[in-house]
Every structure is written in C-alpha cells, then in structure tokens.
Amino acid sequence: IKEEIKNLNIAGAEVLIYKNKEVAWHKALGYVNLKNQKPLKKNSIYYIQSMTKPIISVALMQLVEKGLVNLEDKAEKYIPELAKLRVNIDLSEGIEGPTVDRESDITIKQLLTHTAGFSHGLETTQFDQELFKLMYNDLFNPREYTKIEQRIDQLLKAPLIGQPGEQWKYSASPDLLALIIKRVSGKDVNSYLNEFIFEPLGMTETGYNVSASNK
C-alpha cells in the first residue's frame, strides 16, 4: 500500500485487520487527496461505490423475510416498465443495435444475482460505452439524479445484453431493486436504509450523501 501511495496510484488507504474478535492492526496511510496532501485519519469517510450493492440486497431480502416480496416474483410486477425490454444480439452495434424478443420474464432472484441480462456500462463494447454515457454521462462530469425513477428511466432506454437467466453480468440491477424497495415499502430508499439497516447497526456515517457535519 505504501508503494501504491508513493507511485501516486492511490492517495491513501485505511487498513484494519480484525482477528479473534479483536483489532489486530489498524492504520491510516497517505492522504485524503493528492491535491492538498492532508493526512488521512482513521475512521475517515469513503466513497464505497459498489459496496452499496450488498446493502441494497440486504434491504430487499428483509422484504422477502417479511413476505412482501418473493424471489421468484416477476420483476415487472413491481416495475411494469420492464415488460417492454428486448434483447440486444450484437453489442458492437450499440444500444440501437438489432434486438429479439425476451424468451422469459425477469425475476427478483435474477436481479439479485446479476443474471437478469442487464449491464453496467463498464465494458469496452460499443453497447457498454453508450450505456455508460446514457446513465452516467462522463466520469468527471457525472449525471445527477434527484429520484431513483430518473436513473431507471435511463437504464431502460437500452435493451438487455442477454436472455434473462442465461448469463452472469456485473450490472445495474441493484438500481432496479432500489426502486422495488421504494415501491413495496412506501419509503424512499435513503429513509428505508437508515431506519432498517444503518441506525440499527450504528452505521451513523453511511448514506448516499455526506452530511454537512461530516464534510
């Protein structure tokens, strides 16, 4: 890690090793960012990116435990907009490439396991490059959304990259799960996560946005 910091590959890193129910080693290395070289401190706040996916999955499974959602449910039961989706058969042609009908419906289980046929726009194909632009705009000028529905609207402008249940592909499926959580629970996702996950676990500094007190 020190070598990565020295070579400017990362600004800093916090490492915590937990063994036998005790903290064996905990250290903050490097800087908050390379621009001001402010030293990184223990228990800093980080952009956790795709670690939001397991959090959303836990929230969805809570609804399953309560009997409000079934893993074999058709996803379009909660998001009717999914019914229109077709399947791209030539990713080199982009999101406007040729498509065929879906052979089966998308299920909640497939959304959870990234086997529904969605992508994330992170591959090198023409399809993924166009999907990334559609959903996120640009790495250094990201598209901003005020509602989860807006993000889903963008995702559903593109077809699937494969038939539901026939492949594993790291994807934006948790975005769809977030919308299902909102529609089933009647709460916005932030409120649901705070009430049923973050607060019970003492994760007081976890959320979609950094609070003013933590900036």
# chains A, B, ... in the order shown; residues from 1 in each chain; ligands from 1

$ residues_around --residues "Ile55 in chain A" --least-positions-apart "3" --cutoff "12 Å" --atoms "only C-alpha atoms" --output "list of chain:residue names"
A:Ile48, A:Gln49, A:Ser50, A:Met51, A:Thr52, A:Val58, A:Ala59, A:Leu60, A:Met61, A:Gln62, A:Leu112, A:Pro174, A:Asp175, A:Leu177, A:Ala178, A:Ile181, A:Val189, A:Asn190, A:Tyr192, A:Leu193, A:Asn194, A:Phe196, A:Ile197, A:Phe198, A:Met203, A:Thr206, A:Gly207, A:Tyr208

$ residues_around --residues "Ser44 in chain A" --least-positions-apart "4" --cutoff "10 Å" --atoms "only C-alpha atoms" --output "tab-separated table (two decimals) with C-alpha atoms, in the first residue's frame"
chain	number	residue	atom	x	y	z
A	13	ALA	CA	-5.75	3.85	2.36
A	14	GLU	CA	-7.04	2.77	5.74
A	28	ALA	CA	-4.31	5.12	8.08
A	32	VAL	CA	-7.22	12.39	1.97
A	40	LEU	CA	-5.66	10.55	6.08
A	205	GLU	CA	-21.97	7.92	8.83
A	214	ASN	CA	-19.14	15.19	8.11

$ select_by_dssp --residues "range 54-176 of chain A" --states "helix (DSSP H, G or I)" --output "ChimeraX atom specification"
/A:54-65,75-77,80-84,91-96,108-112,126-136,148-155,173-176

$ closest_atom_pairs --of "range 129-178 of chain A" --to "range 78-94 of chain A" --cutoff "6 Å" --atoms "only C-alpha atoms" --output "JSON lines"
{"residue": "A:Pro159", "atom": "CA", "partner": "A:Arg86", "partner_atom": "CA", "distance": 5.3}
{"residue": "A:Leu160", "atom": "CA", "partner": "A:Val87", "partner_atom": "CA", "distance": 4.6}
{"residue": "A:Ile161", "atom": "CA", "partner": "A:Asn88", "partner_atom": "CA", "distance": 5.3}
{"residue": "A:Gly162", "atom": "CA", "partner": "A:Val87", "partner_atom": "CA", "distance": 5.8}

$ write_last_selection --atoms "N, CA, C and O atoms" --output "PDB file, in the first residue's frame"
ATOM      1  N   PRO A 159     -31.631  -1.949 -24.366  1.00  0.00           N
ATOM      2  CA  PRO A 159     -32.123  -3.325 -24.234  1.00  0.00           C
ATOM      3  C   PRO A 159     -31.237  -4.143 -23.307  1.00  0.00           C
ATOM      4  O   PRO A 159     -30.201  -3.665 -22.828  1.00  0.00           O
ATOM      5  N   LEU A 160     -31.623  -5.381 -23.054  1.00  0.00           N
ATOM      6  CA  LEU A 160     -30.797  -6.306 -22.294  1.00  0.00           C
ATOM      7  C   LEU A 160     -29.622  -6.773 -23.152  1.00  0.00           C
ATOM      8  O   LEU A 160     -29.665  -6.681 -24.377  1.00  0.00           O
ATOM      9  N   ILE A 161     -28.575  -7.291 -22.506  1.00  0.00           N
ATOM     10  CA  ILE A 161     -27.425  -7.796 -23.258  1.00  0.00           C
ATOM     11  C   ILE A 161     -27.497  -9.316 -23.436  1.00  0.00           C
ATOM     12  O   ILE A 161     -26.654  -9.902 -24.117  1.00  0.00           O
ATOM     13  N   GLY A 162     -28.515  -9.931 -22.837  1.00  0.00           N
ATOM     14  CA  GLY A 162     -28.692 -11.371 -22.980  1.00  0.00           C
ATOM     15  C   GLY A 162     -30.035 -11.792 -22.411  1.00  0.00           C
ATOM     16  O   GLY A 162     -30.705 -11.008 -21.732  1.00  0.00           O
TER      17      GLY A 162
END

$ atom_distance --atom1 "CA of Ile45 in chain A" --atom2 "CA of Gly202 in chain A"
14.6 Å

$ residues_around --residues "Gly12 in chain A" --least-positions-apart "6" --cutoff "9 Å" --atoms "only C-alpha atoms" --output "short mmCIF file (atom, residue, chain, number, x, y, z; two decimals) with C-alpha atoms, in the first residue's frame"
data_model
loop_
_atom_site.label_atom_id
_atom_site.label_comp_id
_atom_site.auth_asym_id
_atom_site.auth_seq_id
_atom_site.Cartn_x
_atom_site.Cartn_y
_atom_site.Cartn_z
CA ILE A 1 0.00 0.00 0.00
CA LYS A 2 2.84 2.37 0.82
CA GLU A 4 0.98 2.44 -4.29
CA ILE A 5 0.84 5.74 -2.43
CA ALA A 28 -4.31 5.12 8.08
CA LEU A 29 -1.72 5.70 5.37
CA GLY A 30 -1.24 8.54 2.90
CA TYR A 31 -3.56 11.44 2.27
CA VAL A 32 -7.22 12.39 1.97
CA ASN A 33 -6.38 13.56 -1.55
CA LEU A 34 -3.22 14.28 -3.52
CA PRO A 39 -3.07 13.31 6.09
CA LEU A 40 -5.66 10.55 6.08
#

$ atom_distance --atom1 "CA of Lys187 in chain A" --atom2 "CA of Phe118 in chain A"
25.2 Å

$ closest_residue --among "A:Thr115, A:Thr124, A:Ser57, A:Thr99" --to "Trp168 in chain A" --atoms "only C-alpha atoms"
A:Thr115

$ atom_distance --atom1 "CA of Glu195 in chain A" --atom2 "CA of Pro142 in chain A"
28.5 Å

$ closest_residue --among "A:Leu63, A:Ala116, A:Leu111, A:Leu156" --to "Met135 in chain A" --atoms "only C-alpha atoms"
A:Leu156

$ closest_residue --among "A:Leu201, A:Val184, A:Leu176, A:Ala158" --to "Ile56 in chain A" --atoms "only C-alpha atoms"
A:Leu176

$ closest_residue --among "A:Leu122, A:Asn7, A:Ile17, A:Tyr47" --to "Leu139 in chain A" --atoms "only C-alpha atoms"
A:Leu122
